[in-house]
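The block underneath contains the structure these notes are about, expressed in structure tokens.
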Amino acid sequence: MITRTNRIWPIRNIRWHKYFPTLAFTATLIVASFAANSQQSLRIAAVVNDEMVSVLDLQSKTSLIIALSGLPNTAESRRRLTRQVLFSLIEDKLRLQEAKLAEITASKAEMDRSVVEFERQYKLGKGGLPEFLKRNGVERSVVDDQLEADIVWRKLVRSRFRRSVHVSDEEVESIVADLERNRGKPEYLVSEVFLPAATDQAMIEAEKLAGRLIQQIQSGANFAAIARNFSQSITAPAGGNLGWNSASQLGSVVGPVAQRLQPGQISAPIRAEDGVYILLLRKRRIAGETAEAATENTIVKLSQLHLALPPNVSEADAQRNLERARGLVSSATNCTDLDSIGKQNGSPLSGELGTFRIGQLSPRMRSTVEKLPVFQPSNPVRSGDGIIVLMVCDKQVPQIKKRTPEQIRETVRDRLVAERLSLAARRHMRDLRRASFIDVRL
């Protein structure tokens with residue numbers, strides 16, 4: 001566990017004033033200023049058993065979350081985040097302390113892998129963490145403590161509770177049967193933030209926090225980053241991603257909310273028995289439609305013919321250009337032909353567009369190329385200040401491997417185990433908070 005101390009060394013047994021009176025006065029001012037800054041950094045935000053969380057820790061962790069989440073770095077943002085950031089630091093202390101008592105540690109290799117994963121999740125680039133922290137004024141120890149706490153807590157929970165978690169064959173078969181019954185019905189791709197609450201007062205606090213987080217997300221904060229830093233669910237490391245589920249699989253509290261949301265919409269705080277949820281509905285589909293997944297991930301290479309239109313073009317002239325484009329591409333049998341036609345007759349925007357995954361395309365472009373055969377020109381369409389004709393030069397459709405019944409059962413079993421371990425972890429943390437001395441001083 002990493003600890004930090006800032007020590008102010010007293011000046012003793014040196015009679016500066018006797019030989020250098022001016023220097024003695026200046027030194028006094030410097031020491032006083034240094035002491036004030038050091039005391040500010042060392043102010044105690046909270047005491048957790050026999051360890052402290054300093055104001056410097058709190059400021060650094062707040063800066064980290066603001067940077068990772070895309071929140072505005074304003075005094076108001078920092079004020080709103082202070083309470084929940086402090087609670088996360090307190091829980092990290094409890095995790096580290098409990099792991100130390102159990103003699104569970106994080107190896108250097110595990111820490112290195114966590115740093116690599118951290119850089120990948122937040123798109124910092126390989127080895128980009130130090131520069132990111134320096135740019136945002138974040139102490140490296142804050143990230144190290146967070147990663148170490150995550151590692152040792154996962155190991156502790158698994159070692160302490162895995163043997164007591166039992167999943168029967170009957171439970172697995174029941175869920176598999178439910179999956180089969182839901183085939184052809186709507187499924188929802190949902191991400192979540194879960195804030196646990198064991199008491200009525202904690203529930204009120206969790207709802208307030210959920211409201212603040214929703215405001216931040218609606219103001220542009222990254223939902224996945226918020227989930228990683230605030231959610232207490234097993235989905236937190238994956239940015240809150242729950243995967244595809246039917247309404248019944250999501251449960252009687254969350255399921256009906258998912259049904260009412262539109263793709264891209266965030267829910268209001270959802271009060272459940274053990275805490276508060278925030279949901280983001282990312283997509284909706286019909287269960288069993290594996291063709292949709294294949295289409296989303298199909299790779300297409302595109303070229304276009306672009307005919308520029310003058311400003312304020314009349315509808316008659318625009319229609320004539322549409323017909324002209326249709327005639328120009330009628331002889332094109334491949335993308336080389338289309339590119340040649342574009343160079344001779346089109347604008348500089350004609351030519352190769354690049355390679356894309358169909359799921360990345362705008363709805364209008366997607367509808368144009370989704371079912372377009374390779375080397376067949378699309379119908380001319382008006383787009384912005386021009387007329388375009390698209391052609392698919394290459395298409396790579398991924399192979400969707402159908403899972404065997406045994407693979408499906410294994411996935412269901414793993415999910416149930418993970419959910420029960422997560423519940424055990426939350427209960428254990430609740431017990432730790434109750435049994436610990438925690439003194440919040442802000």
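Residue numbers start at 1 in each chain; chains themselves are named A, B, ... in the order of the structure tokens; ligands are numbered from 1 in the order shown.
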
Ala287 in chain A: which residues within 7 Å, counting only C-alpha atoms, same-chain residues fewer than 5 positions away excluded, as a list in words?
Asn182, Arg183, Gly184, Lys185, Pro186 and Glu187 of chain A

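Using only C-alpha atoms, the protein and nucleic acid residues lying no more than 10 Å from range 310-314 of chain A, apart from those fewer than 4 places from it along its own chain, are Ala318, Gln319, Arg320, Asp385 and Gly386 of chain A.
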
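Comparing the minimum interatomic distances between Pro380 in chain A and each of A:Arg441, A:Arg326, A:Lys343, A:Arg403, counting only C-alpha atoms, we find that A:Arg326 sits nearest.
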
The residue from A:Arg420, A:Lys93, A:Arg140, A:Arg80 with the smallest atom-to-atom distance to Arg163 in chain A, counting only C-alpha atoms, is A:Arg420

For Ala46 in chain A, please output as a PyMOL selection string all residues within 12 Å (counting only C-alpha atoms; exclusion window: fewer than 4 positions along the same chain).
chain A and resi 42+50-58+83+85-91+93+437-442

Selection export as a PDB file, in the first residue's frame, atoms kept: N, CA and C atoms:
ATOM      1  N   LEU A  42      -1.829  18.394   3.448  1.00  0.00           N
ATOM      2  CA  LEU A  42      -1.936  17.338   4.434  1.00  0.00           C
ATOM      3  C   LEU A  42      -3.202  17.420   5.281  1.00  0.00           C
ATOM      4  N   ASP A  50      -6.919   3.450  11.059  1.00  0.00           N
ATOM      5  CA  ASP A  50      -5.699   4.150  11.483  1.00  0.00           C
ATOM      6  C   ASP A  50      -4.992   4.841  10.321  1.00  0.00           C
ATOM      7  N   GLU A  51      -5.714   5.064   9.228  1.00  0.00           N
ATOM      8  CA  GLU A  51      -5.111   5.716   8.062  1.00  0.00           C
ATOM      9  C   GLU A  51      -5.947   6.927   7.670  1.00  0.00           C
ATOM     10  N   MET A  52      -5.280   7.862   6.991  1.00  0.00           N
ATOM     11  CA  MET A  52      -5.990   9.078   6.609  1.00  0.00           C
ATOM     12  C   MET A  52      -6.137   9.170   5.098  1.00  0.00           C
ATOM     13  N   VAL A  53      -7.188   9.880   4.682  1.00  0.00           N
ATOM     14  CA  VAL A  53      -7.349  10.327   3.297  1.00  0.00           C
ATOM     15  C   VAL A  53      -7.123  11.830   3.320  1.00  0.00           C
ATOM     16  N   SER A  54      -6.107  12.290   2.619  1.00  0.00           N
ATOM     17  CA  SER A  54      -5.771  13.713   2.665  1.00  0.00           C
ATOM     18  C   SER A  54      -6.586  14.506   1.658  1.00  0.00           C
ATOM     19  N   VAL A  55      -6.630  15.805   1.858  1.00  0.00           N
ATOM     20  CA  VAL A  55      -7.277  16.693   0.902  1.00  0.00           C
ATOM     21  C   VAL A  55      -6.578  16.604  -0.450  1.00  0.00           C
ATOM     22  N   LEU A  56      -5.256  16.407  -0.440  1.00  0.00           N
ATOM     23  CA  LEU A  56      -4.519  16.247  -1.690  1.00  0.00           C
ATOM     24  C   LEU A  56      -4.997  15.016  -2.454  1.00  0.00           C
ATOM     25  N   ASP A  57      -5.223  13.903  -1.743  1.00  0.00           N
ATOM     26  CA  ASP A  57      -5.776  12.704  -2.379  1.00  0.00           C
ATOM     27  C   ASP A  57      -7.125  13.022  -3.026  1.00  0.00           C
ATOM     28  N   LEU A  58      -7.964  13.711  -2.264  1.00  0.00           N
ATOM     29  CA  LEU A  58      -9.310  14.036  -2.734  1.00  0.00           C
ATOM     30  C   LEU A  58      -9.257  14.932  -3.969  1.00  0.00           C
ATOM     31  N   ARG A  83     -18.258  14.758  -2.541  1.00  0.00           N
ATOM     32  CA  ARG A  83     -18.767  13.769  -1.583  1.00  0.00           C
ATOM     33  C   ARG A  83     -18.607  12.341  -2.099  1.00  0.00           C
ATOM     34  N   VAL A  85     -16.618  11.243  -4.505  1.00  0.00           N
ATOM     35  CA  VAL A  85     -15.202  10.907  -4.692  1.00  0.00           C
ATOM     36  C   VAL A  85     -14.578  10.534  -3.348  1.00  0.00           C
ATOM     37  N   LEU A  86     -14.925  11.275  -2.307  1.00  0.00           N
ATOM     38  CA  LEU A  86     -14.397  10.962  -0.982  1.00  0.00           C
ATOM     39  C   LEU A  86     -14.846   9.576  -0.529  1.00  0.00           C
ATOM     40  N   PHE A  87     -16.104   9.233  -0.774  1.00  0.00           N
ATOM     41  CA  PHE A  87     -16.593   7.904  -0.397  1.00  0.00           C
ATOM     42  C   PHE A  87     -15.852   6.810  -1.166  1.00  0.00           C
ATOM     43  N   SER A  88     -15.530   7.062  -2.434  1.00  0.00           N
ATOM     44  CA  SER A  88     -14.793   6.048  -3.207  1.00  0.00           C
ATOM     45  C   SER A  88     -13.382   5.868  -2.658  1.00  0.00           C
ATOM     46  N   LEU A  89     -12.756   6.954  -2.213  1.00  0.00           N
ATOM     47  CA  LEU A  89     -11.432   6.854  -1.605  1.00  0.00           C
ATOM     48  C   LEU A  89     -11.488   6.094  -0.274  1.00  0.00           C
ATOM     49  N   ILE A  90     -12.544   6.332   0.491  1.00  0.00           N
ATOM     50  CA  ILE A  90     -12.715   5.608   1.757  1.00  0.00           C
ATOM     51  C   ILE A  90     -12.866   4.111   1.492  1.00  0.00           C
ATOM     52  N   GLU A  91     -13.663   3.747   0.480  1.00  0.00           N
ATOM     53  CA  GLU A  91     -13.848   2.331   0.170  1.00  0.00           C
ATOM     54  C   GLU A  91     -12.549   1.698  -0.326  1.00  0.00           C
ATOM     55  N   LYS A  93      -9.589   2.523   0.679  1.00  0.00           N
ATOM     56  CA  LYS A  93      -8.817   2.287   1.902  1.00  0.00           C
ATOM     57  C   LYS A  93      -9.290   1.012   2.597  1.00  0.00           C
ATOM     58  N   PHE A 437     -13.819   2.365  11.936  1.00  0.00           N
ATOM     59  CA  PHE A 437     -13.855   3.751  12.401  1.00  0.00           C
ATOM     60  C   PHE A 437     -13.640   4.646  11.188  1.00  0.00           C
ATOM     61  N   ILE A 438     -14.676   5.390  10.830  1.00  0.00           N
ATOM     62  CA  ILE A 438     -14.601   6.300   9.680  1.00  0.00           C
ATOM     63  C   ILE A 438     -15.020   7.685  10.147  1.00  0.00           C
ATOM     64  N   ASP A 439     -14.103   8.617  10.040  1.00  0.00           N
ATOM     65  CA  ASP A 439     -14.345   9.997  10.499  1.00  0.00           C
ATOM     66  C   ASP A 439     -14.176  10.930   9.307  1.00  0.00           C
ATOM     67  N   VAL A 440     -15.288  11.403   8.757  1.00  0.00           N
ATOM     68  CA  VAL A 440     -15.250  12.352   7.640  1.00  0.00           C
ATOM     69  C   VAL A 440     -15.133  13.755   8.197  1.00  0.00           C
ATOM     70  N   ARG A 441     -14.106  14.503   7.763  1.00  0.00           N
ATOM     71  CA  ARG A 441     -13.837  15.789   8.369  1.00  0.00           C
ATOM     72  C   ARG A 441     -14.105  16.976   7.465  1.00  0.00           C
ATOM     73  N   LEU A 442     -14.728  16.737   6.316  1.00  0.00           N
ATOM     74  CA  LEU A 442     -15.054  17.852   5.428  1.00  0.00           C
ATOM     75  C   LEU A 442     -16.530  18.209   5.554  1.00  0.00           C
TER      76      LEU A 442
END

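Put simply, CA of Arg79 in chain A is 26.9 Å away from CA of Thr235 in chain A.
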
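Counting only C-alpha atoms and comparing A:Arg212, A:Arg43, A:Arg95, A:Lys108, the residue that lies closest to Arg430 in chain A is A:Arg95.
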
Compile the contact shell of Ala258 in chain A as a ChimeraX atom specification: residues with an atom at most 9 Å away, counting only C-alpha atoms, same-chain residues fewer than 2 positions apart removed.
/A:188,190,247,250,254-256,260-262,267,279-281

How would you write, as a ChimeraX atom specification, the set of residues in range 20-165 of chain A that DSSP gives as alpha helix (DSSP H)?
/A:21-42,55-69,75-101,108-121,129-136,140-161
